[in-house]
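Peer 1: So here's upload05.txt, just compact mmCIF, C-alpha atoms (C1' of nucleotides):
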# COMPACT_ATOMS: atom_id res chain seq x y z
CA MET A 7 65.55 54.25 36.89
CA ALA A 8 66.35 50.56 36.41
CA PHE A 9 68.71 50.58 39.37
CA ASN A 10 70.07 52.98 41.90
CA LYS A 11 73.65 53.72 40.93
CA LYS A 12 74.45 55.76 44.02
CA GLU A 13 76.32 52.91 45.68
CA GLU A 14 78.81 52.86 42.85
CA PHE A 15 80.45 56.04 44.10
CA THR A 16 82.92 56.38 46.96
CA GLN A 17 81.71 56.57 50.53
CA LYS A 18 82.95 60.13 50.87
CA GLU A 19 81.08 61.19 47.78
CA GLN A 20 77.94 59.58 49.09
CA ASP A 21 78.34 61.12 52.54
CA LEU A 22 78.84 64.60 51.18
CA ALA A 23 75.89 64.15 48.81
CA ASN A 24 73.68 63.02 51.68
CA PHE A 25 74.70 65.98 53.77
CA ALA A 26 73.83 68.26 50.86
CA LYS A 27 70.55 66.46 50.28
CA ALA A 28 69.51 67.07 53.87
CA MET A 29 69.91 70.80 53.25
CA ALA A 30 68.33 70.71 49.80
CA HIS A 31 64.98 72.13 50.86
CA PRO A 32 64.23 75.66 52.06
CA ALA A 33 62.08 74.33 54.89
CA ARG A 34 65.02 72.39 56.27
CA ILE A 35 67.31 75.39 55.88
CA ALA A 36 64.77 77.43 57.81
CA ILE A 37 64.57 74.80 60.54
CA LEU A 38 68.34 74.68 60.86
CA LYS A 39 68.45 78.46 61.06
CA VAL A 40 65.98 78.52 63.93
CA LEU A 41 67.84 75.79 65.77
CA ALA A 42 71.17 77.51 65.20
CA GLN A 43 69.87 80.71 66.72
CA ARG A 44 68.09 79.20 69.68
CA ASN A 45 69.37 75.73 70.41
CA GLU A 46 66.83 73.59 72.16
CA CYS A 47 63.59 74.09 70.30
CA ILE A 48 60.45 72.03 70.55
CA CYS A 49 58.66 71.01 67.41
CA GLY A 50 55.65 73.25 68.02
CA GLU A 51 57.73 76.40 67.96
CA ILE A 52 59.13 75.44 64.61
CA VAL A 53 55.71 74.60 63.21
CA ASP A 54 54.50 78.09 64.15
CA LEU A 55 57.34 79.68 62.19
CA LEU A 56 56.96 77.65 59.00
CA PRO A 57 54.18 77.73 56.39
CA LEU A 58 53.73 73.98 56.64
CA ALA A 59 51.50 71.50 58.42
CA GLN A 60 52.66 69.83 61.62
CA SER A 61 53.08 66.45 59.99
CA THR A 62 55.21 67.91 57.22
CA VAL A 63 57.50 69.70 59.66
CA SER A 64 57.83 66.51 61.67
CA GLN A 65 58.87 64.71 58.51
CA HIS A 66 61.53 67.32 57.71
CA LEU A 67 62.83 67.07 61.27
CA LYS A 68 63.08 63.33 60.89
CA GLU A 69 65.11 63.69 57.71
CA LEU A 70 67.50 66.13 59.36
CA LYS A 71 67.85 63.75 62.27
CA ASN A 72 68.44 60.73 60.03
CA ALA A 73 71.12 62.66 58.17
CA GLY A 74 72.75 63.47 61.52
CA LEU A 75 72.47 67.25 61.19
CA ILE A 76 70.36 67.56 64.31
CA THR A 77 69.81 65.57 67.45
CA GLY A 78 66.49 65.11 69.15
CA THR A 79 65.02 63.57 72.22
CA VAL A 80 61.39 62.71 72.69
CA ASP A 81 60.01 63.33 76.15
CA GLY A 82 56.42 62.24 76.02
CA PRO A 83 54.26 64.89 74.39
CA ARG A 84 57.22 67.18 74.01
CA SER A 85 60.44 67.00 72.07
CA CYS A 86 63.74 68.80 71.95
CA TYR A 87 65.85 69.38 68.88
CA CYS A 88 69.35 70.78 68.62
CA ILE A 89 71.90 71.31 65.89
CA ASN A 90 74.65 68.72 65.78
CA TRP A 91 77.56 71.12 65.38
CA LYS A 92 80.04 68.30 65.05
CA ALA A 93 78.37 67.11 61.86
CA PHE A 94 78.56 70.62 60.42
CA GLU A 95 82.22 70.88 61.29
CA LYS A 96 82.94 67.54 59.70
CA PHE A 97 81.15 68.26 56.46
CA ASN A 98 82.40 71.80 56.23
CA GLY A 99 85.90 70.43 56.48
CA GLU A 100 85.17 67.77 53.90
CA PHE A 101 83.70 70.35 51.60
CA ASN A 102 86.65 72.67 51.92
CA PHE A 103 89.07 69.86 51.40
CA LEU A 104 87.42 68.80 48.19
CA PHE A 105 86.94 72.19 46.63
CA THR A 106 88.15 75.31 48.31
CA ASN A 107 91.69 74.08 48.81
CA LEU A 108 92.12 73.27 45.16
CA LYS A 109 91.08 76.76 44.22
CA VAL A 110 94.45 78.19 45.13
CA LYS A 111 96.36 75.91 42.80
CA ASN A 112 93.99 76.10 39.94
CA GLN A 113 92.74 79.59 39.45
CA LYS A 114 92.75 80.11 35.70
CA ALA A 115 89.43 80.83 34.06
CA CYS A 116 88.61 79.02 30.87
CA CYS A 117 84.96 79.01 29.80
CA MET B 30 51.76 67.53 46.97
CA ALA B 31 48.82 69.88 46.43
CA PHE B 32 51.11 72.83 45.86
CA ASN B 33 54.78 73.64 45.94
CA LYS B 34 55.44 75.59 49.11
CA LYS B 35 59.05 76.36 48.30
CA GLU B 36 58.27 79.92 47.23
CA GLU B 37 56.98 80.70 50.70
CA PHE B 38 60.49 80.78 52.10
CA THR B 39 62.99 83.62 51.85
CA GLN B 40 65.12 84.01 48.75
CA LYS B 41 68.28 83.27 50.70
CA GLU B 42 66.80 80.06 52.05
CA GLN B 43 65.80 79.03 48.54
CA ASP B 44 69.18 79.92 47.08
CA LEU B 45 71.07 77.95 49.68
CA ALA B 46 68.70 75.00 49.27
CA ASN B 47 69.21 75.06 45.49
CA PHE B 48 72.96 75.13 45.91
CA ALA B 49 72.72 72.14 48.23
CA LYS B 50 70.38 70.34 45.85
CA ALA B 51 72.88 70.66 43.03
CA MET B 52 75.40 68.82 45.20
CA ALA B 53 72.88 66.29 46.50
CA HIS B 54 74.01 63.44 44.28
CA PRO B 55 77.28 61.52 44.42
CA ALA B 56 77.63 61.69 40.63
CA ARG B 57 77.57 65.47 40.75
CA ILE B 58 80.04 65.52 43.64
CA ALA B 59 82.31 63.28 41.58
CA ILE B 60 81.97 65.56 38.56
CA LEU B 61 82.79 68.62 40.63
CA LYS B 62 85.80 66.85 42.07
CA VAL B 63 87.15 66.05 38.62
CA LEU B 64 86.57 69.60 37.42
CA ALA B 65 88.15 71.03 40.57
CA GLN B 66 91.28 68.99 40.01
CA ARG B 67 91.68 69.58 36.30
CA ASN B 68 89.84 72.65 35.16
CA GLU B 69 88.74 72.44 31.55
CA CYS B 70 87.45 68.95 31.12
CA ILE B 71 85.34 67.78 28.25
CA CYS B 72 82.33 65.60 28.79
CA GLY B 73 83.89 62.45 27.40
CA GLU B 74 86.61 62.30 30.00
CA ILE B 75 84.02 62.60 32.73
CA VAL B 76 81.84 59.89 31.20
CA ASP B 77 84.81 57.52 31.27
CA LEU B 78 85.31 58.11 34.98
CA LEU B 79 81.69 57.64 36.05
CA PRO B 80 79.57 54.48 36.12
CA LEU B 81 76.80 56.18 34.15
CA ALA B 82 75.64 56.46 30.57
CA GLN B 83 76.66 59.43 28.45
CA SER B 84 73.17 60.90 28.42
CA THR B 85 72.92 60.69 32.19
CA VAL B 86 76.24 62.45 32.72
CA SER B 87 75.19 65.14 30.27
CA GLN B 88 72.05 65.64 32.31
CA HIS B 89 73.98 65.98 35.57
CA LEU B 90 76.29 68.51 33.89
CA LYS B 91 73.25 70.47 32.80
CA GLU B 92 71.91 70.56 36.33
CA LEU B 93 75.23 71.78 37.70
CA LYS B 94 75.31 74.44 35.01
CA ASN B 95 71.75 75.55 35.66
CA ALA B 96 72.53 75.85 39.36
CA GLY B 97 75.53 78.00 38.47
CA LEU B 98 78.14 75.71 40.02
CA ILE B 99 79.94 75.19 36.74
CA THR B 100 80.27 77.06 33.48
CA GLY B 101 80.39 75.43 30.09
CA THR B 102 80.89 76.32 26.49
CA VAL B 103 79.82 74.17 23.58
CA ASP B 104 82.22 74.06 20.66
CA GLY B 105 80.63 71.82 18.10
CA PRO B 106 81.18 68.19 18.97
CA ARG B 107 83.26 69.14 21.96
CA SER B 108 82.53 71.04 25.14
CA CYS B 109 84.43 72.54 28.02
CA TYR B 110 83.28 72.68 31.60
CA CYS B 111 84.85 74.51 34.52
CA ILE B 112 84.05 75.07 38.15
CA ASN B 113 82.52 78.44 38.89
CA TRP B 114 84.64 79.27 41.92
CA LYS B 115 82.75 82.47 42.56
CA ALA B 116 79.56 80.54 43.19
CA PHE B 117 81.35 78.31 45.67
CA GLU B 118 82.79 81.28 47.48
CA LYS B 119 79.40 82.94 47.65
CA PHE B 120 77.58 79.93 49.02
CA ASN B 121 80.35 78.94 51.35
CA GLY B 122 80.14 82.41 52.83
CA GLU B 123 76.38 82.22 53.06
CA PHE B 124 76.62 78.85 54.73
CA ASN B 125 79.17 80.03 57.27
CA PHE B 126 77.15 83.11 57.99
CA LEU B 127 74.05 81.10 58.72
CA PHE B 128 75.58 78.40 60.83
CA THR B 129 79.23 78.35 61.65
CA ASN B 130 79.28 81.87 63.06
CA LEU B 131 76.49 81.14 65.46
CA LYS B 132 78.36 78.18 66.81
CA VAL B 133 80.65 80.38 68.86
CA LYS B 134 77.83 82.08 70.71
CA ASN B 135 75.74 79.04 71.23
CA GLN B 136 77.85 76.11 72.19
CA LYS B 137 75.86 74.37 74.91
CA ALA B 138 74.76 70.84 74.22
CA CYS B 139 71.26 69.86 75.14
CA CYS B 140 69.93 66.70 73.56
C1' DT C 3 40.48 56.64 84.56
C1' DT C 4 39.46 59.90 81.15
C1' DC C 5 40.69 64.27 78.89
C1' DT C 6 44.04 67.24 76.84
C1' DT C 7 48.09 68.40 74.56
C1' DT C 8 52.05 67.59 71.64
C1' DA C 9 54.50 65.20 68.38
C1' DA C 10 55.26 60.94 65.48
C1' DT C 11 53.57 57.86 62.02
C1' DC C 12 50.46 56.09 58.36
C1' DG C 13 48.25 56.35 54.00
C1' DT C 14 47.90 58.63 49.89
C1' DA C 15 48.15 61.96 45.96
C1' DT C 16 51.11 64.53 43.20
C1' DA C 17 55.65 66.34 41.75
C1' DT C 18 60.34 65.76 40.90
C1' DT C 19 64.55 63.13 40.14
C1' DT C 20 67.21 59.56 38.17
C1' DG C 21 68.59 56.80 34.46
C1' DC C 22 68.76 54.93 29.90
C1' DG C 23 68.29 54.22 24.88
C1' DA C 24 67.25 56.53 20.79
C1' DT C 25 67.62 60.52 18.24
C1' DA C 26 69.25 65.10 16.95
C1' DT C 27 72.94 68.40 16.31
C1' DA C 28 77.20 70.36 15.07
C1' DA C 29 81.77 70.54 13.41
C1' DG C 30 85.75 68.43 11.40
C1' DA C 31 87.53 64.70 8.31
C1' DT C 32 87.26 62.12 4.00
C1' DA D 19 78.32 65.81 0.14
C1' DT D 20 78.80 62.08 3.27
C1' DC D 21 80.91 59.97 7.30
C1' DT D 22 82.62 60.22 11.88
C1' DT D 23 82.84 61.74 16.49
C1' DA D 24 81.29 64.02 20.64
C1' DT D 25 77.68 65.93 23.09
C1' DA D 26 72.93 67.53 23.90
C1' DT D 27 68.09 66.61 23.94
C1' DC D 28 63.78 63.76 23.86
C1' DG D 29 60.70 60.36 25.64
C1' DC D 30 59.78 57.25 28.85
C1' DA D 31 59.83 54.12 33.15
C1' DA D 32 60.87 53.66 37.83
C1' DA D 33 62.21 55.59 42.22
C1' DT D 34 62.04 59.36 45.61
C1' DA D 35 60.50 63.50 47.65
C1' DT D 36 56.90 66.62 49.18
C1' DA D 37 52.75 67.65 51.45
C1' DC D 38 48.62 66.91 53.95
C1' DG D 39 44.82 64.97 56.80
C1' DA D 40 43.80 61.31 59.84
C1' DT D 41 45.34 58.43 63.29
C1' DT D 42 48.28 56.82 66.98
C1' DA D 43 51.13 57.31 71.06
C1' DA D 44 52.68 59.15 75.31
C1' DA D 45 52.62 61.81 79.31
C1' DG D 46 50.59 65.08 82.45
C1' DA D 47 46.15 67.20 84.26
C1' DA D 48 41.51 66.80 85.96
Show this structure as structure tokens.
Peer 2:
Amino acid sequence: MAFNKKEEFTQKEQDLANFAKAMAHPARIAILKVLAQRNECICGEIVDLLPLAQSTVSQHLKELKNAGLITGTVDGPRSCYCINWKAFEKFNGEFNFLFTNLKVKNQKACC
Amino acid sequence: MAFNKKEEFTQKEQDLANFAKAMAHPARIAILKVLAQRNECICGEIVDLLPLAQSTVSQHLKELKNAGLITGTVDGPRSCYCINWKAFEKFNGEFNFLFTNLKVKNQKACC
DNA sequence: TTCTTTAATCGTATATTTGCGATATAAGAT
DNA sequence: ATCTTATATCGCAAATATACGATTAAAGAA
């Protein structure tokens, strides 16, 4: 890849891409779904629901946390994860601003 | 990776993850933005706007097309790409159904 | 203190993505 | 028929992502 060209794009483009990347795996979608329904889940519960090893689930949780889509606190041998609704609001707004709004103006079909 | 576990998730989870994956790169976000603003852009115009080689842009366009986010027709040495608004509507709805709706019920903050 | 339980991290193998130059293709121009 | 132009595809190198087992860490229980 010679060099990573991602930094050459605008910050907004990078942010939106990172948000999308965090959701770009069915396991992470599934995790988010569980958290959205329950709020306040420990890692073990999620592991039981997914067809993946504990270490793999932990890794996916870490990615979601790094991307800011979830929050988590470690409390000794137990942890607590929740959806960060604010992040979803922000990116949903960003997404709509970039695309859905323009739809109204520009509806013609071409190819 | 031993084996690809992606098929073990539900079809909806996979579809949403694939949609997200298509947007998981700033170059593809930038391409979608250009197409959203103009409708009916040829590849060359997009190449001029991005800090990437022609072959790389063509590859990103192919990925967006394969994911169904854009449509494109080849007309000899010239091509025409457009946003597939229906796909955006579909996935935006899916996304809202999975997450944003639940927000109302489940607002408490924990961690 | 030692044992148990739960989750994070490390190390590693394999798969996929990203990016480019070179080449192929396809249609119009000369 | 050959040249030009615009785009797609091929082949490859490097970077990242995915997944797991093994290990570590941290807190409560015995």
Peer 1: Between B:Phe117, B:Phe32, B:Phe38, B:Phe128, single out the one closest to Leu75 in chain A, counting all atoms listed in the file.
Peer 2: B:Phe128
Peer 1: At a cut-off of 10 Å, which residues of chain D touch chain B? Count all atoms listed in the file and give the answer as a list in words.
Peer 2: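 Residues passing the distance filter: DT23, DA24, DT25, DA26, DT27, DA35, DT36, DA37 and DC38 of chain D.
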Peer 1: Within 6 Å of chain B, which residues of chain A come that close, and what is the closest atom pair and distance in Å for each? Count all atoms listed in the file and give it as JSON lines.
Peer 2:
{"residue": "A:Glu19", "atom": "CA", "partner": "B:Pro55", "partner_atom": "CA", "distance": 5.1}
{"residue": "A:Gln20", "atom": "CA", "partner": "B:Pro55", "partner_atom": "CA", "distance": 5.1}
{"residue": "A:Ala23", "atom": "CA", "partner": "B:Ala53", "partner_atom": "CA", "distance": 4.4}
{"residue": "A:Ala26", "atom": "CA", "partner": "B:Ala49", "partner_atom": "CA", "distance": 4.8}
{"residue": "A:Lys27", "atom": "CA", "partner": "B:Ala53", "partner_atom": "CA", "distance": 4.4}
{"residue": "A:Met29", "atom": "CA", "partner": "B:Ala49", "partner_atom": "CA", "distance": 5.9}
{"residue": "A:Ala30", "atom": "CA", "partner": "B:Ala46", "partner_atom": "CA", "distance": 4.3}
{"residue": "A:His31", "atom": "CA", "partner": "B:Ala46", "partner_atom": "CA", "distance": 5.0}
{"residue": "A:Pro32", "atom": "CA", "partner": "B:Glu42", "partner_atom": "CA", "distance": 5.1}
{"residue": "A:Gly78", "atom": "CA", "partner": "B:Cys140", "partner_atom": "CA", "distance": 5.8}
{"residue": "A:Thr79", "atom": "CA", "partner": "B:Cys140", "partner_atom": "CA", "distance": 6.0}
{"residue": "A:Cys117", "atom": "CA", "partner": "B:Gly101", "partner_atom": "CA", "distance": 5.8}
Peer 1: Tell me, in Å to one decimal, how far C1' of DT41 in chain D is from CA of Thr62 in chain A.
Peer 2: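 Distance reported for this atom pair: 15.0 Å.
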Peer 1: So, with only C-alpha atoms (C1' of nucleotides) as the atoms that count, which of C:DT27, C:DT16, C:DT3, C:DT32 lies closest to chain B?
Peer 2: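 Nearest to chain B: C:DT16.
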Peer 1: Between C:DA24, C:DC5, C:DA29, C:DC12, which is the closest to chain A once you count all atoms listed in the file?
Peer 2: C:DC12
Peer 1: What residues in chain C have any atom no more than 7 Å from chain A when counting only C-alpha atoms (C1' of nucleotides), and can you write them as a ChimeraX atom specification?
Peer 2: /C:8-9,20-21
Peer 1: Take chain B, lay it over chain A with a least-squares fit on all the Cα atoms in order, then hand it over as a short mmCIF file (atom, residue, chain, number, x, y, z; two decimals) with C-alpha atoms, keeping the file's coordinate frame.
Peer 2:
data_model
loop_
_atom_site.label_atom_id
_atom_site.label_comp_id
_atom_site.auth_asym_id
_atom_site.auth_seq_id
_atom_site.Cartn_x
_atom_site.Cartn_y
_atom_site.Cartn_z
CA MET B 30 65.56 54.21 36.82
CA ALA B 31 66.45 50.55 36.28
CA PHE B 32 68.78 50.54 39.26
CA ASN B 33 70.14 52.94 41.82
CA LYS B 34 73.72 53.70 40.86
CA LYS B 35 74.48 55.72 43.96
CA GLU B 36 76.38 52.86 45.61
CA GLU B 37 78.88 52.87 42.77
CA PHE B 38 80.48 56.05 44.05
CA THR B 39 82.96 56.38 46.90
CA GLN B 40 81.73 56.56 50.47
CA LYS B 41 82.98 60.11 50.83
CA GLU B 42 81.10 61.18 47.73
CA GLN B 43 77.94 59.56 49.07
CA ASP B 44 78.36 61.08 52.51
CA LEU B 45 78.83 64.56 51.16
CA ALA B 46 75.88 64.12 48.79
CA ASN B 47 73.68 62.97 51.68
CA PHE B 48 74.70 65.95 53.76
CA ALA B 49 73.83 68.23 50.87
CA LYS B 50 70.54 66.44 50.30
CA ALA B 51 69.50 67.04 53.89
CA MET B 52 69.93 70.77 53.27
CA ALA B 53 68.34 70.68 49.82
CA HIS B 54 65.00 72.12 50.89
CA PRO B 55 64.25 75.64 52.08
CA ALA B 56 62.09 74.31 54.92
CA ARG B 57 65.03 72.36 56.30
CA ILE B 58 67.33 75.36 55.91
CA ALA B 59 64.78 77.42 57.83
CA ILE B 60 64.57 74.78 60.55
CA LEU B 61 68.34 74.65 60.88
CA LYS B 62 68.46 78.42 61.09
CA VAL B 63 65.97 78.48 63.94
CA LEU B 64 67.81 75.73 65.79
CA ALA B 65 71.15 77.45 65.22
CA GLN B 66 69.85 80.65 66.74
CA ARG B 67 68.07 79.17 69.72
CA ASN B 68 69.34 75.74 70.56
CA GLU B 69 66.73 73.57 72.22
CA CYS B 70 63.57 74.22 70.33
CA ILE B 71 60.49 72.08 70.49
CA CYS B 72 58.60 71.13 67.38
CA GLY B 73 55.64 73.39 68.05
CA GLU B 74 57.66 76.56 67.93
CA ILE B 75 59.09 75.53 64.59
CA VAL B 76 55.67 74.67 63.19
CA ASP B 77 54.47 78.17 64.06
CA LEU B 78 57.32 79.72 62.11
CA LEU B 79 56.94 77.65 58.94
CA PRO B 80 54.18 77.70 56.32
CA LEU B 81 53.72 73.93 56.60
CA ALA B 82 51.49 71.48 58.40
CA GLN B 83 52.62 69.88 61.64
CA SER B 84 53.06 66.46 60.06
CA THR B 85 55.20 67.89 57.28
CA VAL B 86 57.49 69.71 59.69
CA SER B 87 57.82 66.55 61.75
CA GLN B 88 58.87 64.72 58.61
CA HIS B 89 61.52 67.31 57.75
CA LEU B 90 62.84 67.09 61.33
CA LYS B 91 63.07 63.34 60.94
CA GLU B 92 65.08 63.68 57.76
CA LEU B 93 67.49 66.12 59.39
CA LYS B 94 67.85 63.74 62.31
CA ASN B 95 68.43 60.72 60.09
CA ALA B 96 71.10 62.64 58.20
CA GLY B 97 72.75 63.45 61.52
CA LEU B 98 72.47 67.23 61.19
CA ILE B 99 70.38 67.55 64.32
CA THR B 100 69.84 65.54 67.47
CA GLY B 101 66.51 65.11 69.18
CA THR B 102 65.05 63.60 72.28
CA VAL B 103 61.40 62.73 72.72
CA ASP B 104 59.96 63.45 76.14
CA GLY B 105 56.37 62.37 75.99
CA PRO B 106 54.25 65.01 74.31
CA ARG B 107 57.23 67.29 73.97
CA SER B 108 60.51 67.02 72.12
CA CYS B 109 63.80 68.84 71.96
CA TYR B 110 65.91 69.33 68.88
CA CYS B 111 69.41 70.74 68.61
CA ILE B 112 71.94 71.29 65.89
CA ASN B 113 74.67 68.69 65.77
CA TRP B 114 77.59 71.08 65.37
CA LYS B 115 80.06 68.25 65.03
CA ALA B 116 78.38 67.08 61.85
CA PHE B 117 78.57 70.57 60.41
CA GLU B 118 82.22 70.86 61.27
CA LYS B 119 82.95 67.50 59.69
CA PHE B 120 81.16 68.22 56.45
CA ASN B 121 82.38 71.76 56.21
CA GLY B 122 85.90 70.40 56.45
CA GLU B 123 85.19 67.74 53.88
CA PHE B 124 83.71 70.32 51.57
CA ASN B 125 86.67 72.66 51.91
CA PHE B 126 89.07 69.83 51.39
CA LEU B 127 87.41 68.81 48.17
CA PHE B 128 86.96 72.20 46.63
CA THR B 129 88.12 75.32 48.33
CA ASN B 130 91.68 74.11 48.80
CA LEU B 131 92.09 73.33 45.16
CA LYS B 132 91.03 76.81 44.24
CA VAL B 133 94.42 78.23 45.16
CA LYS B 134 96.32 75.95 42.82
CA ASN B 135 93.94 76.14 39.97
CA GLN B 136 92.71 79.64 39.48
CA LYS B 137 92.70 80.11 35.72
CA ALA B 138 89.38 80.82 34.10
CA CYS B 139 88.54 79.04 30.91
CA CYS B 140 84.90 79.03 29.89
#
Peer 1: Mind pulling up the distance from CA of Phe103 in chain A to CA of Lys119 in chain B?
Peer 2: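 According to the coordinates, CA of Lys119 in chain B and CA of Phe103 in chain A are separated by 16.7 Å.
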